[in-house]
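Okay, target.cif now, which holds mmCIF, C-alpha atoms and all ligand atoms:
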data_run
#
loop_
_atom_site.group_PDB
_atom_site.id
_atom_site.type_symbol
_atom_site.label_atom_id
_atom_site.label_comp_id
_atom_site.auth_asym_id
_atom_site.auth_seq_id
_atom_site.Cartn_x
_atom_site.Cartn_y
_atom_site.Cartn_z
ATOM 1 C CA MET A 1 20.015 -32.437 -36.952
ATOM 2 C CA LEU A 2 19.374 -30.111 -39.841
ATOM 3 C CA ALA A 3 22.504 -29.674 -41.931
ATOM 4 C CA GLU A 4 23.414 -26.126 -42.969
ATOM 5 C CA THR A 5 23.591 -27.065 -46.615
ATOM 6 C CA GLN A 6 20.763 -29.594 -46.716
ATOM 7 C CA ALA A 7 18.314 -28.222 -49.271
ATOM 8 C CA HIS A 8 14.560 -28.817 -49.401
ATOM 9 C CA THR A 9 14.300 -29.767 -45.751
ATOM 10 C CA SER A 10 11.510 -28.359 -43.641
ATOM 11 C CA HIS A 11 10.850 -27.964 -39.954
ATOM 12 C CA ALA A 12 8.141 -26.500 -37.770
ATOM 13 C CA GLY A 13 8.578 -23.239 -35.858
ATOM 14 C CA TYR A 14 7.149 -19.835 -35.054
ATOM 15 C CA CYS A 15 7.630 -16.966 -37.512
ATOM 16 C CA PRO A 16 8.071 -13.457 -36.022
ATOM 17 C CA CYS A 17 7.124 -11.915 -39.387
ATOM 18 C CA CYS A 18 3.658 -13.450 -39.846
ATOM 19 C CA ARG A 19 3.304 -14.207 -36.111
ATOM 20 C CA HIS A 20 2.095 -17.745 -36.732
ATOM 21 C CA ARG A 21 3.135 -21.298 -36.199
ATOM 22 C CA THR A 22 4.618 -22.208 -39.537
ATOM 23 C CA THR A 23 6.901 -24.463 -41.504
ATOM 24 C CA PHE A 24 10.331 -23.180 -42.502
ATOM 25 C CA THR A 25 11.815 -24.641 -45.672
ATOM 26 C CA ILE A 26 15.449 -24.536 -46.727
ATOM 27 C CA HIS A 27 15.376 -24.245 -50.522
ATOM 28 C CA GLY A 28 19.143 -24.083 -51.042
ATOM 29 C CA PRO A 29 22.500 -23.748 -49.296
ATOM 30 C CA TRP A 30 22.497 -19.927 -49.030
ATOM 31 C CA LEU A 31 20.281 -19.601 -45.977
ATOM 32 C CA ARG A 32 20.321 -15.800 -46.114
ATOM 33 C CA ASP A 33 18.019 -15.927 -49.165
ATOM 34 C CA GLU A 34 16.859 -19.543 -49.244
ATOM 35 C CA TYR A 35 15.523 -20.278 -45.733
ATOM 36 C CA LEU A 36 11.900 -19.217 -46.110
ATOM 37 C CA CYS A 37 8.750 -19.181 -44.014
ATOM 38 C CA ASP A 38 6.182 -21.160 -46.016
ATOM 39 C CA ARG A 39 3.396 -18.781 -44.927
ATOM 40 C CA CYS A 40 4.916 -15.323 -45.581
ATOM 41 C CA GLN A 41 8.109 -16.069 -47.555
ATOM 42 C CA SER A 42 10.197 -14.059 -45.088
ATOM 43 C CA ILE A 43 13.968 -14.633 -44.885
ATOM 44 C CA PRO A 44 16.180 -14.905 -41.781
ATOM 45 C CA ARG A 45 17.285 -11.258 -41.527
ATOM 46 C CA GLN A 46 13.657 -10.077 -41.667
ATOM 47 C CA ARG A 47 12.687 -12.451 -38.862
ATOM 48 C CA HIS A 48 15.749 -11.417 -36.845
ATOM 49 C CA LEU A 49 14.960 -7.711 -37.250
ATOM 50 C CA ILE A 50 11.419 -8.153 -35.947
ATOM 51 C CA ARG A 51 12.640 -10.277 -33.064
ATOM 52 C CA ILE A 52 15.045 -7.479 -32.063
ATOM 53 C CA LEU A 53 12.259 -4.895 -32.328
ATOM 54 C CA ASP A 54 9.984 -7.086 -30.177
ATOM 55 C CA THR A 55 12.723 -7.639 -27.608
ATOM 56 C CA LEU A 56 14.098 -4.094 -27.285
ATOM 57 C CA PHE A 57 11.036 -2.002 -28.139
ATOM 58 C CA PRO A 58 7.859 -3.963 -27.255
ATOM 59 C CA ARG A 59 5.601 -1.032 -28.246
ATOM 60 C CA TRP A 60 7.148 -0.485 -31.691
ATOM 61 C CA ARG A 61 3.950 -1.527 -33.490
ATOM 62 C CA TRP A 62 2.149 1.534 -32.077
ATOM 63 C CA SER A 63 5.012 3.949 -32.834
ATOM 64 C CA SER A 64 5.893 5.967 -35.925
ATOM 65 C CA MET A 65 8.191 4.054 -38.235
ATOM 66 C CA HIS A 66 9.681 4.842 -41.624
ATOM 67 C CA GLU A 67 11.381 2.250 -43.771
ATOM 68 C CA SER A 68 13.647 2.980 -46.703
ATOM 69 C CA SER A 69 13.395 0.644 -49.700
ATOM 70 C CA PRO A 70 11.320 -2.232 -48.269
ATOM 71 C CA SER A 71 11.161 -5.434 -50.321
ATOM 72 C CA LEU A 72 8.275 -7.163 -48.498
ATOM 73 C CA PRO A 73 5.391 -5.398 -46.657
ATOM 74 C CA ILE A 74 6.145 -7.233 -43.413
ATOM 75 C CA LEU A 75 6.563 -4.186 -41.169
ATOM 76 C CA ALA A 76 3.713 -2.398 -42.963
ATOM 77 C CA LYS A 77 1.334 -5.158 -41.851
ATOM 78 C CA GLN A 78 2.424 -4.952 -38.223
ATOM 79 C CA CYS A 79 3.029 -1.254 -37.519
ATOM 80 C CA TRP A 80 0.032 1.055 -37.296
ATOM 81 C CA ARG A 81 2.029 4.212 -38.039
ATOM 82 C CA TYR A 82 4.261 2.858 -40.787
ATOM 83 C CA SER A 83 5.429 4.746 -43.863
ATOM 84 C CA TYR A 84 8.011 3.937 -46.499
ATOM 85 C CA SER A 85 9.919 5.438 -49.369
ATOM 86 C CA HIS A 86 12.162 4.453 -52.217
ATOM 87 C CA TYR A 87 14.854 6.444 -53.955
ATOM 88 C CA LEU A 88 13.444 7.315 -57.386
ATOM 89 C CA PRO A 89 16.055 9.150 -59.478
ATOM 90 C CA ASP A 90 13.521 11.191 -61.510
ATOM 91 C CA VAL A 91 11.323 12.293 -58.582
ATOM 92 C CA THR A 92 11.837 15.248 -56.228
ATOM 93 C CA PRO A 93 12.604 13.914 -52.729
ATOM 94 C CA GLY A 94 9.616 14.292 -50.420
ATOM 95 C CA SER A 95 7.099 14.021 -53.271
ATOM 96 C CA THR A 96 5.349 10.919 -54.554
ATOM 97 C CA LYS A 97 5.016 9.167 -57.894
ATOM 98 C CA ASP A 98 2.369 6.474 -58.433
ATOM 99 C CA GLY A 99 1.736 6.560 -54.699
ATOM 100 C CA ILE A 100 5.372 5.909 -53.758
ATOM 101 C CA ARG A 101 7.237 8.550 -51.765
ATOM 102 C CA CYS A 102 10.751 9.396 -52.928
ATOM 103 C CA GLU A 103 13.480 9.938 -50.340
ATOM 104 C CA SER A 104 17.256 9.891 -50.486
ATOM 105 C CA ILE A 105 18.545 8.677 -47.141
ATOM 106 C CA GLU A 106 21.598 10.904 -47.669
ATOM 107 C CA ALA A 107 19.317 13.986 -47.591
ATOM 108 C CA LEU A 108 15.960 13.193 -45.973
ATOM 109 C CA THR A 109 13.075 15.678 -46.165
ATOM 110 C CA PHE A 110 11.715 14.755 -42.708
ATOM 111 C CA ALA A 111 11.928 17.298 -39.890
ATOM 112 C CA ASP A 112 14.414 16.867 -37.054
ATOM 113 C CA ASN A 113 13.211 14.646 -34.183
ATOM 114 C CA SER A 114 10.131 13.456 -36.068
ATOM 115 C CA LEU A 115 10.192 9.628 -36.081
ATOM 116 C CA ASP A 116 10.325 6.901 -33.441
ATOM 117 C CA PHE A 117 11.926 4.284 -35.682
ATOM 118 C CA PHE A 118 13.799 4.233 -38.970
ATOM 119 C CA VAL A 119 14.459 0.888 -40.652
ATOM 120 C CA THR A 120 16.866 0.058 -43.442
ATOM 121 C CA GLN A 121 17.316 -3.528 -44.542
ATOM 122 C CA ASP A 122 20.341 -4.106 -46.777
ATOM 123 C CA VAL A 123 20.315 -0.506 -47.996
ATOM 124 C CA LEU A 124 23.529 0.984 -46.560
ATOM 125 C CA GLU A 125 25.805 -1.095 -48.793
ATOM 126 C CA HIS A 126 24.199 0.658 -51.781
ATOM 127 C CA VAL A 127 24.592 4.332 -50.819
ATOM 128 C CA PHE A 128 27.594 6.385 -51.868
ATOM 129 C CA HIS A 129 27.879 8.286 -48.576
ATOM 130 C CA PRO A 130 26.885 5.983 -45.680
ATOM 131 C CA ASP A 131 28.258 8.538 -43.209
ATOM 132 C CA ARG A 132 25.735 11.120 -44.460
ATOM 133 C CA ALA A 133 22.951 8.537 -44.510
ATOM 134 C CA LEU A 134 23.500 7.440 -40.920
ATOM 135 C CA ARG A 135 23.702 11.054 -39.723
ATOM 136 C CA GLU A 136 20.539 11.983 -41.609
ATOM 137 C CA ILE A 137 18.614 9.058 -40.137
ATOM 138 C CA HIS A 138 19.863 10.010 -36.680
ATOM 139 C CA ARG A 139 18.757 13.611 -37.243
ATOM 140 C CA VAL A 140 15.137 12.701 -38.018
ATOM 141 C CA LEU A 141 14.778 10.326 -35.044
ATOM 142 C CA LYS A 142 13.158 11.527 -31.859
ATOM 143 C CA PRO A 143 15.288 11.335 -28.724
ATOM 144 C CA GLY A 144 14.855 7.735 -27.553
ATOM 145 C CA GLY A 145 14.102 6.654 -31.124
ATOM 146 C CA ALA A 146 16.198 4.100 -32.951
ATOM 147 C CA HIS A 147 17.612 3.154 -36.318
ATOM 148 C CA ILE A 148 17.274 -0.610 -36.740
ATOM 149 C CA PHE A 149 19.135 -1.980 -39.717
ATOM 150 C CA THR A 150 20.826 -4.818 -41.544
ATOM 151 C CA ALA A 151 23.817 -4.598 -43.860
ATOM 152 C CA PRO A 152 26.281 -7.300 -44.873
ATOM 153 C CA LYS A 153 29.324 -7.163 -42.598
ATOM 154 C CA HIS A 154 32.296 -9.160 -43.870
ATOM 155 C CA GLU A 155 34.067 -10.455 -40.763
ATOM 156 C CA ALA A 156 37.054 -11.600 -42.824
ATOM 157 C CA LEU A 157 37.556 -8.069 -44.141
ATOM 158 C CA ALA A 158 39.543 -6.060 -41.583
ATOM 159 C CA VAL A 159 39.039 -2.668 -43.194
ATOM 160 C CA THR A 160 35.820 -1.424 -44.802
ATOM 161 C CA ARG A 161 36.359 -0.691 -48.487
ATOM 162 C CA CYS A 162 34.608 1.529 -50.984
ATOM 163 C CA ARG A 163 33.663 -0.182 -54.259
ATOM 164 C CA ALA A 164 32.415 2.859 -56.200
ATOM 165 C CA THR A 165 32.264 6.633 -55.867
ATOM 166 C CA ILE A 166 30.070 9.210 -57.577
ATOM 167 C CA ALA A 167 31.172 12.572 -58.955
ATOM 168 C CA ASP A 168 29.164 15.809 -58.823
ATOM 169 C CA ASP A 169 28.051 15.232 -62.437
ATOM 170 C CA GLY A 170 26.626 11.810 -61.483
ATOM 171 C CA SER A 171 29.346 9.781 -63.162
ATOM 172 C CA ILE A 172 30.414 6.675 -61.255
ATOM 173 C CA ASP A 173 34.015 5.650 -60.710
ATOM 174 C CA TYR A 174 34.315 1.894 -60.104
ATOM 175 C CA LEU A 175 37.166 1.140 -57.716
ATOM 176 C CA LEU A 176 36.392 -2.598 -57.765
ATOM 177 C CA PRO A 177 34.516 -4.818 -60.270
ATOM 178 C CA GLU A 178 30.838 -3.922 -60.434
ATOM 179 C CA GLU A 179 28.624 -5.965 -58.123
ATOM 180 C CA TYR A 180 24.844 -5.761 -57.904
ATOM 181 C CA HIS A 181 22.098 -6.941 -55.579
ATOM 182 C CA GLY A 182 18.374 -7.073 -56.276
ATOM 183 C CA ASN A 183 16.449 -3.783 -56.063
ATOM 184 C CA PRO A 184 12.679 -3.637 -55.416
ATOM 185 C CA VAL A 185 12.345 -0.622 -57.775
ATOM 186 C CA GLY A 186 13.940 0.674 -60.976
ATOM 187 C CA ASP A 187 15.690 -1.828 -63.209
ATOM 188 C CA GLY A 188 15.892 -4.353 -60.359
ATOM 189 C CA LYS A 189 19.632 -3.891 -59.845
ATOM 190 C CA ALA A 190 21.330 -2.018 -57.002
ATOM 191 C CA LEU A 191 25.064 -1.310 -57.245
ATOM 192 C CA VAL A 192 27.091 -2.364 -54.197
ATOM 193 C CA THR A 193 29.073 0.729 -53.197
ATOM 194 C CA TRP A 194 30.675 -0.423 -49.945
ATOM 195 C CA ASP A 195 31.945 -3.690 -48.455
ATOM 196 C CA TYR A 196 31.698 -3.305 -44.698
ATOM 197 C CA GLY A 197 34.425 -4.999 -42.694
ATOM 198 C CA SER A 198 34.980 -5.902 -39.071
ATOM 199 C CA ASP A 199 35.562 -2.184 -38.372
ATOM 200 C CA PHE A 200 31.987 -1.344 -39.413
ATOM 201 C CA GLU A 201 30.567 -0.583 -35.962
ATOM 202 C CA ARG A 202 33.539 1.641 -35.082
ATOM 203 C CA LEU A 203 33.099 3.598 -38.321
ATOM 204 C CA ALA A 204 29.329 3.899 -37.931
ATOM 205 C CA SER A 205 29.713 4.981 -34.326
ATOM 206 C CA GLU A 206 32.207 7.686 -35.337
ATOM 207 C CA TRP A 207 30.028 8.887 -38.207
ATOM 208 C CA VAL A 208 26.938 9.253 -36.038
ATOM 209 C CA GLY A 209 28.479 10.037 -32.672
ATOM 210 C CA ALA A 210 26.397 7.342 -30.977
ATOM 211 C CA THR A 211 26.634 3.749 -29.806
ATOM 212 C CA VAL A 212 26.122 0.940 -32.329
ATOM 213 C CA ASP A 213 24.787 -2.279 -30.822
ATOM 214 C CA THR A 214 25.146 -5.490 -32.822
ATOM 215 C CA PHE A 215 22.889 -8.491 -32.354
ATOM 216 C CA HIS A 216 23.801 -12.036 -33.350
ATOM 217 C CA THR A 217 21.060 -14.626 -32.966
ATOM 218 C CA VAL A 218 20.822 -18.256 -34.015
ATOM 219 C CA ASP A 219 17.408 -19.728 -33.260
ATOM 220 C CA ARG A 220 15.939 -22.137 -35.755
ATOM 221 C CA THR A 221 12.722 -22.384 -33.736
ATOM 222 C CA GLN A 222 12.078 -18.906 -35.206
ATOM 223 C CA GLY A 223 13.893 -19.481 -38.504
ATOM 224 C CA ILE A 224 16.802 -17.241 -37.529
ATOM 225 C CA ASP A 225 20.088 -18.591 -38.854
ATOM 226 C CA ALA A 226 22.225 -17.386 -41.747
ATOM 227 C CA ALA A 227 25.519 -15.779 -42.654
ATOM 228 C CA PHE A 228 25.562 -11.958 -42.550
ATOM 229 C CA ASN A 229 22.488 -12.014 -40.309
ATOM 230 C CA GLU A 230 23.450 -9.285 -37.828
ATOM 231 C CA VAL A 231 20.930 -6.646 -36.795
ATOM 232 C CA PHE A 232 22.390 -3.265 -35.822
ATOM 233 C CA VAL A 233 20.717 -0.742 -33.526
ATOM 234 C CA ILE A 234 21.610 2.923 -32.987
ATOM 235 C CA VAL A 235 19.500 4.651 -30.331
ATOM 236 C CA LYS A 236 19.324 8.452 -30.305
ATOM 237 C CA ARG A 237 20.013 9.688 -26.771
HETATM 238 ZN ZN ZN B 301 6.131 -16.091 -41.702
#
Would you mind writing the file's structure down as structure tokens?
Ligand SMILES: [Zn+2]
Amino acid sequence: MLAETQAHTSHAGYCPCCRHRTTFTIHGPWLRDEYLCDRCQSIPRQRHLIRILDTLFPRWRWSSMHESSPSLPILAKQCWRYSYSHYLPDVTPGSTKDGIRCESIEALTFADNSLDFFVTQDVLEHVFHPDRALREIHRVLKPGGAHIFTAPKHEALAVTRCRATIADDGSIDYLLPEEYHGNPVGDGKALVTWDYGSDFERLASEWVGATVDTFHTVDRTQGIDAAFNEVFVIVKR
């Protein structure tokens, strides 16, 4: 039996990210970031997200997909019609800089009903207006399309709380001590703006006016096991 906190243990399995037999290695007690595929370095939430795509939408690899703020090119390698963007503060949304497209998910430049899939992995806890972001993503999806996403949901927190707000002049008001996660662009730091609680799906459903489905999976044969490892799906009807 592999203990949750047993570091530097390895086991064989199949990785949904690199689609190979592989070895998974636990490098430390925080499985969410430290339970890696030796071949592609993917983490549990990335493997879980692809498993959910494979299960619910078997033809996703041949569909149009846009990802906001990817950290690893896992989906890019698998999806033939993949595009991505980052939020770059000094770049006009919809234009590119050094080959990278800039988009704000609170005000996307895509046309209505234009994409089959939109993916955000640990992005929504860093936006100031998640209600706007979820509605914008829903707007650009085709009917039948889906937003597939991860975001830390704190089960012990009954009510979702805002950690920081932004004023019209861009100044930030910190309601709670500043907390940062890694950011693939910019200075490498992304401010946490919201702590999502057990009411998250109800809020998201109200914001978008659609059903939010939550997937919990524990399957170490595919390296899927960690805290905060839910994958959420909102299909546009
Ligand atoms: Zn892998």
- [ ] Excluding A:Ala167 and residues on its chain fewer than 5 positions from it, collect all residues at most 12 Å away from it, counting only C-alpha atoms, and give them as a VMD selection string.
- [x] chain A and resid 128 to 129 172 to 174
Selected residues written out with C-alpha atoms, as a PDB file, in the coordinates of the input:
ATOM      1  CA  PHE A 128      27.594   6.385 -51.868  1.00  0.00           C
ATOM      2  CA  HIS A 129      27.879   8.286 -48.576  1.00  0.00           C
ATOM      3  CA  ILE A 172      30.414   6.675 -61.255  1.00  0.00           C
ATOM      4  CA  ASP A 173      34.015   5.650 -60.710  1.00  0.00           C
ATOM      5  CA  TYR A 174      34.315   1.894 -60.104  1.00  0.00           C
TER       6      TYR A 174
END
Task: Which of A:Asp169, A:Asp199, A:Asp112, A:Asp33 sits closest to A:His181 [using only C-alpha atoms] - done: A:Asp33
Go through chain A residue by residue and, counting all atoms listed in the file, keep those with an atom at most 10 Å from ligand ZN 301 (chain B); for each kept residue give the shortest atom pair and its distance in Å to one decimal, ordered by chain and increasing number, as a Markdown table.
| residue | atom | partner | partner_atom | distance |
| --- | --- | --- | --- | --- |
| A:Gly13 | CA | B:ZN301 | ZN | 9.6 |
| A:Tyr14 | CA | B:ZN301 | ZN | 7.7 |
| A:Cys15 | CA | B:ZN301 | ZN | 4.5 |
| A:Pro16 | CA | B:ZN301 | ZN | 6.6 |
| A:Cys17 | CA | B:ZN301 | ZN | 4.9 |
| A:Cys18 | CA | B:ZN301 | ZN | 4.1 |
| A:Arg19 | CA | B:ZN301 | ZN | 6.5 |
| A:His20 | CA | B:ZN301 | ZN | 6.6 |
| A:Arg21 | CA | B:ZN301 | ZN | 8.1 |
| A:Thr22 | CA | B:ZN301 | ZN | 6.7 |
| A:Thr23 | CA | B:ZN301 | ZN | 8.4 |
| A:Phe24 | CA | B:ZN301 | ZN | 8.3 |
| A:Leu36 | CA | B:ZN301 | ZN | 7.9 |
| A:Cys37 | CA | B:ZN301 | ZN | 4.7 |
| A:Asp38 | CA | B:ZN301 | ZN | 6.7 |
| A:Arg39 | CA | B:ZN301 | ZN | 5.0 |
| A:Cys40 | CA | B:ZN301 | ZN | 4.1 |
| A:Gln41 | CA | B:ZN301 | ZN | 6.2 |
| A:Ser42 | CA | B:ZN301 | ZN | 5.7 |
| A:Ile43 | CA | B:ZN301 | ZN | 8.6 |
| A:Gln46 | CA | B:ZN301 | ZN | 9.6 |
| A:Arg47 | CA | B:ZN301 | ZN | 8.0 |
| A:Ile74 | CA | B:ZN301 | ZN | 9.0 |
| A:Gln222 | CA | B:ZN301 | ZN | 9.2 |
| A:Gly223 | CA | B:ZN301 | ZN | 9.1 |
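Proximity of A:Phe215, A:Pro184, A:His8, A:Leu175 to A:Leu72, computed with only C-alpha atoms, is greatest for A:Pro184.
For the pair atom CA of A:His147 and atom CA of A:Val235, the interatomic distance is 6.5 Å.
Closest approach to A:Asp122 from the set A:Pro58, A:Gly28, A:Gly197, A:Gly182 is made by A:Gly182, with distances taken over only C-alpha atoms.
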Name the residues that the PyMOL selection byres (((chain A and resi 163) around 10) and not hetatm) picks from the file above, as a tab-separated table (two decimals) with C-alpha atoms, in the coordinates of the input, using the file's chain letters and numbers.
chain	number	residue	atom	x	y	z
A	125	GLU	CA	25.80	-1.10	-48.79
A	126	HIS	CA	24.20	0.66	-51.78
A	128	PHE	CA	27.59	6.38	-51.87
A	160	THR	CA	35.82	-1.42	-44.80
A	161	ARG	CA	36.36	-0.69	-48.49
A	162	CYS	CA	34.61	1.53	-50.98
A	164	ALA	CA	32.42	2.86	-56.20
A	165	THR	CA	32.26	6.63	-55.87
A	173	ASP	CA	34.02	5.65	-60.71
A	174	TYR	CA	34.32	1.89	-60.10
A	175	LEU	CA	37.17	1.14	-57.72
A	176	LEU	CA	36.39	-2.60	-57.76
A	177	PRO	CA	34.52	-4.82	-60.27
A	178	GLU	CA	30.84	-3.92	-60.43
A	179	GLU	CA	28.62	-5.96	-58.12
A	191	LEU	CA	25.06	-1.31	-57.24
A	192	VAL	CA	27.09	-2.36	-54.20
A	193	THR	CA	29.07	0.73	-53.20
A	194	TRP	CA	30.68	-0.42	-49.94
A	195	ASP	CA	31.94	-3.69	-48.46
Would you mind listing what lies within 10 Å of stretch 90-105 of chain A as a CSV table (one decimal) with C-alpha atoms, keeping the file's coordinate frame, with all atoms listed in the file counted and same-chain residues fewer than 6 positions away left out?
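Once written, out-v2.csv looks like this:
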chain,number,residue,atom,x,y,z
A,68,SER,CA,13.6,3.0,-46.7
A,69,SER,CA,13.4,0.6,-49.7
A,83,SER,CA,5.4,4.7,-43.9
A,84,TYR,CA,8.0,3.9,-46.5
A,120,THR,CA,16.9,0.1,-43.4
A,123,VAL,CA,20.3,-0.5,-48.0
A,124,LEU,CA,23.5,1.0,-46.6
A,127,VAL,CA,24.6,4.3,-50.8
A,129,HIS,CA,27.9,8.3,-48.6
A,130,PRO,CA,26.9,6.0,-45.7
A,132,ARG,CA,25.7,11.1,-44.5
A,133,ALA,CA,23.0,8.5,-44.5
A,134,LEU,CA,23.5,7.4,-40.9
A,135,ARG,CA,23.7,11.1,-39.7
A,136,GLU,CA,20.5,12.0,-41.6
A,137,ILE,CA,18.6,9.1,-40.1
Spatial sel., origin (16.1, -3.3, -40.6), limit 12 Å, all atoms listed in the file, listed as a PDB file with C-alpha atoms, keeping the file's coordinate frame:
ATOM      1  CA  PRO A  44      16.180 -14.905 -41.781  1.00  0.00           C
ATOM      2  CA  ARG A  45      17.285 -11.258 -41.527  1.00  0.00           C
ATOM      3  CA  GLN A  46      13.657 -10.077 -41.667  1.00  0.00           C
ATOM      4  CA  ARG A  47      12.687 -12.451 -38.862  1.00  0.00           C
ATOM      5  CA  HIS A  48      15.749 -11.417 -36.845  1.00  0.00           C
ATOM      6  CA  LEU A  49      14.960  -7.711 -37.250  1.00  0.00           C
ATOM      7  CA  ILE A  50      11.419  -8.153 -35.947  1.00  0.00           C
ATOM      8  CA  ARG A  51      12.640 -10.277 -33.064  1.00  0.00           C
ATOM      9  CA  ILE A  52      15.045  -7.479 -32.063  1.00  0.00           C
ATOM     10  CA  LEU A  53      12.259  -4.895 -32.328  1.00  0.00           C
ATOM     11  CA  MET A  65       8.191   4.054 -38.235  1.00  0.00           C
ATOM     12  CA  HIS A  66       9.681   4.842 -41.624  1.00  0.00           C
ATOM     13  CA  GLU A  67      11.381   2.250 -43.771  1.00  0.00           C
ATOM     14  CA  SER A  68      13.647   2.980 -46.703  1.00  0.00           C
ATOM     15  CA  SER A  69      13.395   0.644 -49.700  1.00  0.00           C
ATOM     16  CA  PRO A  70      11.320  -2.232 -48.269  1.00  0.00           C
ATOM     17  CA  SER A  71      11.161  -5.434 -50.321  1.00  0.00           C
ATOM     18  CA  LEU A  72       8.275  -7.163 -48.498  1.00  0.00           C
ATOM     19  CA  ILE A  74       6.145  -7.233 -43.413  1.00  0.00           C
ATOM     20  CA  LEU A  75       6.563  -4.186 -41.169  1.00  0.00           C
ATOM     21  CA  PHE A 117      11.926   4.284 -35.682  1.00  0.00           C
ATOM     22  CA  PHE A 118      13.799   4.233 -38.970  1.00  0.00           C
ATOM     23  CA  VAL A 119      14.459   0.888 -40.652  1.00  0.00           C
ATOM     24  CA  THR A 120      16.866   0.058 -43.442  1.00  0.00           C
ATOM     25  CA  GLN A 121      17.316  -3.528 -44.542  1.00  0.00           C
ATOM     26  CA  ASP A 122      20.341  -4.106 -46.777  1.00  0.00           C
ATOM     27  CA  VAL A 123      20.315  -0.506 -47.996  1.00  0.00           C
ATOM     28  CA  LEU A 124      23.529   0.984 -46.560  1.00  0.00           C
ATOM     29  CA  ALA A 146      16.198   4.100 -32.951  1.00  0.00           C
ATOM     30  CA  HIS A 147      17.612   3.154 -36.318  1.00  0.00           C
ATOM     31  CA  ILE A 148      17.274  -0.610 -36.740  1.00  0.00           C
ATOM     32  CA  PHE A 149      19.135  -1.980 -39.717  1.00  0.00           C
ATOM     33  CA  THR A 150      20.826  -4.818 -41.544  1.00  0.00           C
ATOM     34  CA  ALA A 151      23.817  -4.598 -43.860  1.00  0.00           C
ATOM     35  CA  PRO A 152      26.281  -7.300 -44.873  1.00  0.00           C
ATOM     36  CA  PHE A 215      22.889  -8.491 -32.354  1.00  0.00           C
ATOM     37  CA  ASN A 229      22.488 -12.014 -40.309  1.00  0.00           C
ATOM     38  CA  GLU A 230      23.450  -9.285 -37.828  1.00  0.00           C
ATOM     39  CA  VAL A 231      20.930  -6.646 -36.795  1.00  0.00           C
ATOM     40  CA  PHE A 232      22.390  -3.265 -35.822  1.00  0.00           C
ATOM     41  CA  VAL A 233      20.717  -0.742 -33.526  1.00  0.00           C
ATOM     42  CA  ILE A 234      21.610   2.923 -32.987  1.00  0.00           C
TER      43      ILE A 234
END
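You will find atom CA of A:Val212 at 28.1 Å from atom CA of A:Glu34.
For the residues A:Tyr35, A:Tyr87, A:Trp30, A:Trp60, ranking by smallest atom-to-atom distance to A:Glu106 using all atoms listed in the file places A:Tyr87 first.
In this structure, atom CA of A:Asp219 sits 21.1 Å away from atom CA of A:His154.
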Open item on the list: Using all atoms listed in the file, can you tell me which of A:Arg202, A:His216, A:Arg139, A:Lys236 comes closest to A:Phe110?
Closed with: A:Arg139
Open item on the list: Env of A:Asp187: 12 Å cut, atoms = all atoms listed in the file, seq-sep filter 6 positions within chain, self excluded. Answer as a list in words.
Closed with: Leu88, Pro89, Tyr180 and His181 of chain A
